[in-house]
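Have a look at entry.cif; it's mmCIF, C-alpha atoms:
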```
data_entry
loop_
_atom_site.label_atom_id
_atom_site.label_comp_id
_atom_site.auth_asym_id
_atom_site.auth_seq_id
_atom_site.Cartn_x
_atom_site.Cartn_y
_atom_site.Cartn_z
CA MET A 1 97.14 55.07 84.70
CA ILE A 2 95.60 57.91 82.70
CA SER A 3 93.68 56.92 79.58
CA HIS A 4 93.09 59.00 76.47
CA GLN A 5 89.40 58.93 77.42
CA ASN A 6 90.18 60.49 80.81
CA VAL A 7 91.99 63.43 79.20
CA ILE A 8 89.39 63.94 76.46
CA ALA A 9 86.52 63.79 78.98
CA GLN A 10 88.21 66.36 81.24
CA CYS A 11 88.85 68.73 78.33
CA LEU A 12 85.19 68.52 77.28
CA GLN A 13 84.05 69.08 80.87
CA ILE A 14 86.17 72.21 81.26
CA GLN A 15 85.33 73.53 77.78
CA GLN A 16 81.66 73.77 78.84
CA ILE A 17 82.49 76.26 81.60
CA THR A 18 85.25 78.23 79.85
CA PRO A 19 84.41 81.68 78.42
CA VAL A 20 84.74 81.89 74.64
CA THR A 21 87.07 84.86 75.13
CA HIS A 22 89.70 82.66 76.80
CA LYS A 23 92.16 82.50 73.90
CA LYS A 24 95.59 83.14 75.46
CA ILE A 25 97.20 80.78 77.96
CA LEU A 26 100.54 81.30 79.69
CA ALA A 27 102.20 77.97 80.43
CA ILE A 28 103.70 78.55 83.86
CA LEU A 29 102.88 75.24 85.55
CA PRO A 30 105.11 72.21 84.88
CA SER A 31 103.79 70.01 82.09
CA PHE A 32 104.43 66.84 84.10
CA HIS A 33 101.81 67.97 86.62
CA ILE A 34 98.23 66.97 85.83
CA THR A 35 97.08 70.60 85.61
CA GLY A 36 99.81 71.44 83.12
CA LEU A 37 99.24 68.23 81.18
CA VAL A 38 95.49 68.79 80.74
CA HIS A 39 94.89 72.53 80.96
CA VAL A 40 98.04 73.75 79.20
CA LEU A 41 98.91 71.01 76.71
CA HIS A 42 95.52 69.53 75.72
CA LEU A 43 92.61 71.84 76.57
CA PRO A 44 93.91 74.78 74.45
CA ILE A 45 93.64 72.63 71.32
CA LEU A 46 89.93 72.18 71.96
CA LEU A 47 89.55 75.90 72.75
CA ASN A 48 91.57 76.94 69.68
CA ALA A 49 93.67 79.02 72.07
CA GLU A 50 97.28 80.20 71.87
CA VAL A 51 99.77 78.85 74.42
CA TYR A 52 102.83 80.85 75.43
CA MET A 53 105.47 78.59 76.95
CA LEU A 54 107.61 80.00 79.75
CA PRO A 55 110.97 78.17 79.47
CA SER A 56 111.70 78.59 83.17
CA PHE A 57 109.94 80.44 85.94
CA THR A 58 111.06 83.69 87.49
CA MET A 59 108.75 86.48 88.58
CA PRO A 60 110.26 88.97 86.10
CA SER A 61 110.03 86.54 83.16
CA MET A 62 106.42 85.69 84.00
CA LEU A 63 105.35 89.30 84.45
CA GLU A 64 107.14 90.39 81.26
CA ALA A 65 105.28 87.70 79.28
CA VAL A 66 101.96 88.69 80.84
CA VAL A 67 102.46 92.30 79.76
CA GLU A 68 103.99 91.58 76.33
CA TYR A 69 101.28 89.12 75.24
CA GLN A 70 98.45 90.75 77.22
CA ILE A 71 97.49 87.54 79.01
CA SER A 72 94.19 88.30 80.74
CA GLU A 73 93.74 85.11 82.81
CA LEU A 74 96.57 83.62 84.86
CA LEU A 75 96.56 79.96 85.91
CA LEU A 76 98.85 79.94 88.95
CA VAL A 77 99.60 77.89 92.03
CA PRO A 78 99.27 79.38 95.56
CA PRO A 79 103.00 80.15 96.11
CA ILE A 80 103.00 82.36 93.00
CA LEU A 81 99.70 84.00 93.96
CA ILE A 82 101.21 84.81 97.35
CA ARG A 83 104.10 86.50 95.56
CA MET A 84 101.63 88.41 93.37
CA VAL A 85 100.36 90.23 96.46
CA ARG A 86 103.63 90.41 98.44
CA ASP A 87 106.51 90.75 96.00
CA PRO A 88 107.29 94.45 95.33
CA ILE A 89 108.46 93.64 91.78
CA VAL A 90 104.80 93.18 90.76
CA ASP A 91 104.24 96.93 91.17
CA GLU A 92 106.74 97.60 88.39
CA TYR A 93 104.42 96.16 85.73
CA ASP A 94 101.15 97.44 84.27
CA LEU A 95 98.73 94.60 84.93
CA SER A 96 95.54 96.61 84.50
CA HIS A 97 94.44 94.32 81.65
CA LEU A 98 94.14 91.28 83.97
CA THR A 99 90.58 90.00 84.27
CA ARG A 100 90.91 86.79 86.27
CA PHE A 101 93.14 84.56 88.40
CA SER A 102 92.80 80.79 88.33
CA SER A 103 94.21 78.55 91.02
CA GLY A 104 94.41 74.92 91.96
CA ALA A 105 96.81 72.15 93.09
CA ALA A 106 96.89 73.34 96.72
CA PRO A 107 94.71 75.35 99.14
CA LEU A 108 94.87 79.14 99.04
CA SER A 109 94.21 80.96 102.30
CA GLU A 110 91.30 83.37 102.62
CA GLU A 111 93.74 86.07 103.71
CA ILE A 112 95.64 85.84 100.40
CA ILE A 113 92.36 85.86 98.46
CA LEU A 114 91.36 89.11 100.19
CA GLN A 115 94.76 90.66 99.44
CA LEU A 116 94.47 89.59 95.80
CA GLN A 117 91.06 91.22 95.48
CA LYS A 118 92.34 94.42 97.08
CA LYS A 119 95.45 94.63 94.88
CA PHE A 120 93.63 93.71 91.63
CA PRO A 121 90.11 95.10 92.19
CA GLY A 122 88.93 94.65 88.61
CA THR A 123 89.60 90.92 88.50
CA GLY A 124 87.70 87.72 89.23
CA PHE A 125 88.85 84.44 90.69
CA LYS A 126 88.20 80.78 89.96
CA GLN A 127 89.69 77.50 91.00
CA GLY A 128 89.33 73.81 90.40
CA TYR A 129 89.55 70.85 92.73
CA GLY A 130 90.89 67.45 91.84
CA MET A 131 94.06 65.40 91.69
CA THR A 132 96.07 63.25 89.33
CA GLU A 133 93.71 60.34 90.04
CA SER A 134 90.77 62.42 88.74
CA CYS A 135 92.73 63.70 85.71
CA SER A 136 92.47 67.20 87.21
CA CYS A 137 89.04 68.63 88.01
CA ILE A 138 86.16 67.09 89.93
CA THR A 139 84.79 70.56 90.60
CA ALA A 140 85.42 74.00 89.09
CA HIS A 141 83.93 77.49 89.10
CA PRO A 142 81.46 78.22 86.30
CA PRO A 143 81.59 81.79 84.87
CA GLU A 144 78.67 83.02 87.00
CA LYS A 145 80.72 82.19 90.13
CA TYR A 146 83.92 84.09 89.22
CA SER A 147 83.44 86.81 91.83
CA TYR A 148 85.66 86.79 94.91
CA GLU A 149 82.75 86.00 97.22
CA HIS A 150 82.97 82.40 95.94
CA ALA A 151 86.78 82.24 95.91
CA HIS A 152 87.17 80.22 99.12
CA LYS A 153 85.11 77.41 97.57
CA VAL A 154 86.35 75.03 94.89
CA GLY A 155 83.37 75.31 92.58
CA MET A 156 80.57 73.08 91.38
CA ILE A 157 80.68 69.47 90.19
CA VAL A 158 81.73 69.29 86.52
CA ALA A 159 79.55 67.62 83.86
CA SER A 160 78.92 63.85 83.88
CA THR A 161 80.38 63.56 87.38
CA GLU A 162 78.84 62.29 90.62
CA VAL A 163 80.07 63.21 94.10
CA ARG A 164 79.23 61.61 97.44
CA ILE A 165 80.24 62.95 100.85
CA VAL A 166 80.44 60.21 103.48
CA ASP A 167 81.36 59.79 107.13
CA GLU A 168 83.89 57.32 108.54
CA GLN A 169 81.30 54.53 108.40
CA GLY A 170 80.53 55.23 104.73
CA ARG A 171 77.12 56.83 105.41
CA GLU A 172 76.12 59.61 103.05
CA LEU A 173 75.97 63.06 104.63
CA GLY A 174 73.74 66.03 103.96
CA ILE A 175 74.12 69.73 103.16
CA ARG A 176 77.03 71.43 105.00
CA GLU A 177 78.02 68.20 106.75
CA PRO A 178 81.78 67.62 106.29
CA GLY A 179 83.02 64.20 105.30
CA GLU A 180 85.23 62.42 102.79
CA ILE A 181 84.65 63.30 99.14
CA LEU A 182 84.11 60.39 96.73
CA ALA A 183 83.84 60.99 93.00
CA ARG A 184 82.80 59.03 89.91
CA GLY A 185 82.91 60.12 86.27
CA PRO A 186 84.60 59.63 82.89
CA GLN A 187 87.69 61.58 83.99
CA ILE A 188 88.45 59.25 86.93
CA THR A 189 91.63 57.35 86.08
CA MET A 190 92.15 53.62 85.81
CA GLY A 191 94.25 52.98 88.93
CA TYR A 192 97.93 52.67 89.81
CA LEU A 193 100.22 50.82 87.42
CA ASP A 194 101.43 47.50 88.88
CA ASN A 195 100.11 48.41 92.34
CA GLU A 196 96.93 46.46 92.94
CA GLU A 197 96.92 47.11 96.69
CA ALA A 198 97.02 50.89 96.30
CA THR A 199 94.38 50.72 93.58
CA LYS A 200 91.99 48.75 95.79
CA GLY A 201 92.48 51.23 98.63
CA THR A 202 91.69 54.26 96.48
CA TYR A 203 89.19 53.05 93.87
CA GLU A 204 86.04 51.31 95.13
CA ASN A 205 83.36 50.12 92.68
CA GLY A 206 84.10 52.96 90.30
CA TRP A 207 84.31 55.59 93.04
CA LEU A 208 87.53 57.50 93.75
CA ARG A 209 88.22 57.98 97.46
CA THR A 210 89.90 61.39 97.44
CA GLY A 211 91.11 61.39 101.03
CA ASP A 212 89.90 65.00 101.22
CA GLN A 213 87.36 66.28 103.69
CA GLY A 214 84.76 68.68 102.33
CA MET A 215 81.12 69.69 102.29
CA ILE A 216 78.52 70.88 99.80
CA ASP A 217 76.13 73.80 100.30
CA ASP A 218 72.57 74.27 99.09
CA LYS A 219 73.83 76.05 95.94
CA GLY A 220 75.90 73.03 94.89
CA MET A 221 79.23 74.69 95.77
CA ILE A 222 81.85 72.50 97.45
CA THR A 223 84.29 73.61 100.14
CA ILE A 224 87.41 71.63 101.02
CA THR A 225 88.10 71.64 104.76
CA ASP A 226 91.26 69.51 104.86
CA ARG A 227 93.06 66.32 104.01
CA ILE A 228 91.66 63.52 106.18
CA LYS A 229 95.09 61.95 106.57
CA GLU A 230 96.48 65.30 107.73
CA MET A 231 93.83 65.96 110.36
CA ILE A 232 95.34 66.44 113.83
CA LYS A 233 93.50 64.46 116.50
CA VAL A 234 93.50 66.38 119.80
CA LYS A 235 91.75 64.25 122.43
CA GLY A 236 89.95 62.60 119.53
CA ILE A 237 88.75 65.92 118.07
CA GLY A 238 89.85 66.65 114.51
CA VAL A 239 91.80 69.88 113.94
CA ALA A 240 92.36 70.94 110.33
CA PRO A 241 95.91 72.21 109.67
CA ALA A 242 94.60 74.44 106.86
CA GLU A 243 92.40 76.34 109.33
CA LEU A 244 95.36 77.30 111.50
CA GLU A 245 97.56 78.00 108.47
CA ASP A 246 94.95 80.43 107.12
CA LEU A 247 94.82 82.20 110.46
CA LEU A 248 98.60 82.50 110.83
CA LEU A 249 99.07 83.68 107.24
CA GLY A 250 96.86 86.62 108.17
CA HIS A 251 99.41 87.80 110.76
CA LYS A 252 101.43 90.77 109.57
CA PHE A 253 104.81 89.18 110.40
CA VAL A 254 104.23 85.72 108.90
CA GLU A 255 105.58 85.10 105.40
CA ASP A 256 104.68 81.40 105.17
CA VAL A 257 103.53 78.63 107.50
CA ALA A 258 102.77 74.93 107.76
CA VAL A 259 100.95 73.16 110.61
CA LEU A 260 101.07 69.50 111.53
CA GLY A 261 100.38 67.32 114.54
CA ILE A 262 103.04 66.26 117.01
CA GLN A 263 102.79 63.71 119.79
CA ASP A 264 101.44 64.85 123.13
CA ASP A 265 101.25 62.58 126.18
CA TYR A 266 98.00 64.08 127.44
CA SER A 267 96.08 64.92 124.25
CA GLY A 268 97.50 62.34 121.86
CA GLU A 269 98.43 65.03 119.36
CA LYS A 270 98.70 68.81 119.36
CA PRO A 271 99.26 71.32 116.55
CA LYS A 272 102.74 72.61 115.81
CA ALA A 273 103.45 75.50 113.43
CA TYR A 274 106.51 75.87 111.23
CA VAL A 275 106.83 79.58 110.50
CA VAL A 276 108.83 81.67 108.05
CA ARG A 277 109.16 85.23 109.34
CA LYS A 278 108.86 88.34 107.22
CA ALA A 279 111.98 90.45 106.77
CA ARG A 280 111.16 93.11 109.38
CA ALA A 281 109.56 90.80 111.93
CA PRO A 282 110.55 90.84 115.62
CA GLU A 283 113.06 88.30 116.92
CA GLU A 284 111.88 84.69 117.10
CA LYS A 285 111.27 84.59 120.85
CA VAL A 286 109.02 87.66 120.78
CA LEU A 287 107.18 86.70 117.62
CA GLY A 288 106.69 83.11 118.77
CA LYS A 289 104.93 84.20 121.96
CA GLU A 290 102.87 86.70 119.99
CA LEU A 291 101.70 84.03 117.52
CA ILE A 292 100.80 81.57 120.27
CA SER A 293 98.63 84.24 121.90
CA TYR A 294 97.23 85.22 118.50
CA VAL A 295 95.89 81.70 118.02
CA LYS A 296 94.58 81.47 121.59
CA VAL A 297 92.34 84.51 121.31
CA SER A 298 90.99 83.34 117.94
CA LYS A 299 90.44 79.60 118.35
CA VAL A 300 89.00 77.12 120.82
CA LYS A 301 91.41 75.42 123.21
CA HIS A 302 91.93 72.15 121.36
CA LYS A 303 93.22 74.18 118.36
CA TRP A 304 95.92 76.00 120.34
CA LEU A 305 99.53 75.54 119.24
CA LYS A 306 101.83 73.44 121.40
CA GLU A 307 104.92 74.96 119.83
CA ILE A 308 106.29 77.04 117.00
CA GLU A 309 109.48 76.33 115.10
CA PHE A 310 111.03 79.02 112.91
CA VAL A 311 112.42 77.81 109.59
CA ASP A 312 113.97 79.40 106.52
CA GLU A 313 111.36 77.97 104.13
CA ILE A 314 108.36 75.66 103.97
CA PRO A 315 109.11 72.65 101.75
CA LYS A 316 106.67 72.48 98.83
CA SER A 317 106.17 70.49 95.66
CA ALA A 318 106.37 72.01 92.18
CA SER A 319 102.60 72.52 92.30
CA GLY A 320 102.70 74.33 95.64
CA LYS A 321 101.56 71.55 98.00
CA ILE A 322 103.15 71.62 101.44
CA LEU A 323 105.46 68.61 101.80
CA ARG A 324 104.44 67.63 105.33
CA ARG A 325 106.41 64.39 104.98
CA VAL A 326 109.62 66.44 104.79
CA LEU A 327 108.63 68.32 107.94
CA ARG A 328 107.82 65.05 109.72
CA ASP A 329 111.21 63.65 108.74
CA LEU A 330 112.81 66.84 110.05
CA GLU A 331 110.90 66.42 113.31
CA LYS A 332 112.13 62.82 113.68
CA SER A 333 115.73 63.73 112.84
CA GLY A 334 116.00 66.04 115.83
CA LYS A 335 117.20 68.96 113.69
CA ARG A 336 115.60 72.08 115.08
CA GLY A 337 115.17 75.70 114.19
CA TYR A 338 114.43 78.25 116.92
CA MET A 339 111.61 76.86 119.07
CA VAL A 340 108.97 78.65 121.15
CA ARG A 341 106.66 76.50 123.28
CA ASP A 342 103.34 77.33 124.89
CA GLU A 343 104.03 77.70 128.60
CA GLY A 344 100.94 79.62 129.71
CA THR A 345 97.18 79.56 129.34
CA VAL A 346 94.72 82.15 128.11
CA LYS A 347 90.94 81.83 128.28
CA ALA A 348 89.75 80.06 125.16
CA LYS A 349 87.38 81.69 122.71
CA LEU A 350 83.99 79.96 122.72
#
```
Here is a file; write its structure as structure tokens.
Amino acid sequence: MISHQNVIAQCLQIQQITPVTHKKILAILPSFHITGLVHVLHLPILLNAEVYMLPSFTMPSMLEAVVEYQISELLLVPPILIRMVRDPIVDEYDLSHLTRFSSGAAPLSEEIILQLQKKFPGTGFKQGYGMTESCSCITAHPPEKYSYEHAHKVGMIVASTEVRIVDEQGRELGIREPGEILARGPQITMGYLDNEEATKGTYENGWLRTGDQGMIDDKGMITITDRIKEMIKVKGIGVAPAELEDLLLGHKFVEDVAVLGIQDDYSGEKPKAYVVRKARAPEEKVLGKELISYVKVSKVKHKWLKEIEFVDEIPKSASGKILRRVLRDLEKSGKRGYMVRDEGTVKAKL
């Protein structure tokens, strides 16, 4: 349940850290998503900004609108940002006027951030962190943190908001100690309609339990390390899927990837990667072995992949989040793409 107060509070929070020059907004994200609802439909009214609605998304239609209306800041989700650095059609448009990319809704790998900086050297980057339950942002980048050196972090806590980072026992943690993020502020929503059980499990004494693992540094910048519910437990040690996904996305033959835990009799769980190959990649058997070795020389042993399955696409929501539930259902159904399993051992990196 999202109140008018939640939306108004969030708009006022974001207005404080929005440059006065931000007067043109391209509505690419769906309006039913919290980011579209707040940052495209409501915030521009407060900013006295123009909104250009994109009736339906295609890369050509988006790029044509960006050029025609000289949109200088693009609010995009990670799948579109990935296409901005990999889709050859982007090179057909003069985007030299771009000053900044804005991202949210799902994690963006460090490899893609580096490629974005290289392809658009005159730009900056910002992102926000939050969810529907927080009416969008709990944290966001202020203007002084728009440089790419801060891009892998999700920003600083927005105005009138408190954040706690706690361990599994609820004890508050210190600087650079990862734990669950809890948030409290005027933008935190009222709960789930007609679902008291879910509300009690997520909202505790005014605090929102995000279910996300993160940490805060001595500058007040927050980094998200993973979803707690998505952590893979290998012999009781947590392995973050996002860490392995970032690594694999940096491989020259990987177009897209998702990692989740699968049952293992010895370790309890082990990581499995679902991989979409690039067009000119080697055959699955060769590439699968190469990727397994690639992870082994880069990560400690409990982070090694048990197997790789090649798929045509990674299922994602409209906002770019990986739909791991769909992959788990696929795993249970027995339907398989081409599989490559780890059958050897290489000395682990310390």
**Item:** Ground truth for the PyMOL selection byres ((chain A and resi 274) around 6), written as a PyMOL selection string
**Value:** chain A and resi 257-258+273+275+308-310
**Asked** Which of these residues is nearest to Ser319 of chain A, using only C-alpha atoms: A:Ser72, A:Ser134, A:Ser103, A:Ser61?
**Response** A:Ser103
**Request:** With the file shown as input, list the residues that the PyMOL selection byres ((chain A and resi 41-53) around 6) selects, as a ChimeraX atom specification.
**Result:** /A:11,23-27,37-40,54
**Asked** Residues at most 8 Å from Ile224 of chain A, counting all atoms listed in the file, excluding those fewer than 6 positions away in the same chain, as a PyMOL selection string?
**Response** chain A and resi 153-154+212-215
Just to be explicit: take each residue in the selection above, keep C-alpha atoms, and write the result as a PDB file, in the frame of the given file.
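What ended up in result-v4.pdb:
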```pdb
ATOM      1  CA  LYS A 153      85.110  77.410  97.570  1.00  0.00           C
ATOM      2  CA  VAL A 154      86.350  75.030  94.890  1.00  0.00           C
ATOM      3  CA  ASP A 212      89.900  65.000 101.220  1.00  0.00           C
ATOM      4  CA  GLN A 213      87.360  66.280 103.690  1.00  0.00           C
ATOM      5  CA  GLY A 214      84.760  68.680 102.330  1.00  0.00           C
ATOM      6  CA  MET A 215      81.120  69.690 102.290  1.00  0.00           C
TER       7      MET A 215
END
```
**Request:** Decode the PyMOL selection byres ((chain A and resi 337-344) around 12) for the given file into explicit residues and return them as a PyMOL selection string.
**Result:** chain A and resi 270-277+283-296+304-313+327+330-331+334-336+345-347
**Request:** Mind checking which residues fall within 10 Å of Glu64 of chain A, counting only C-alpha atoms, ignoring those fewer than 6 positions away in the same chain, and posting them as a list in words?
**Result:** Thr58, Gln70, Tyr93 and Asp94 of chain A
For the residues selected in the previous step, produce a file with C-alpha atoms as a PDB file, in the frame of the given file.
```
ATOM      1  CA  THR A  58     111.060  83.690  87.490  1.00  0.00           C
ATOM      2  CA  GLN A  70      98.450  90.750  77.220  1.00  0.00           C
ATOM      3  CA  TYR A  93     104.420  96.160  85.730  1.00  0.00           C
ATOM      4  CA  ASP A  94     101.150  97.440  84.270  1.00  0.00           C
TER       5      ASP A  94
END
```
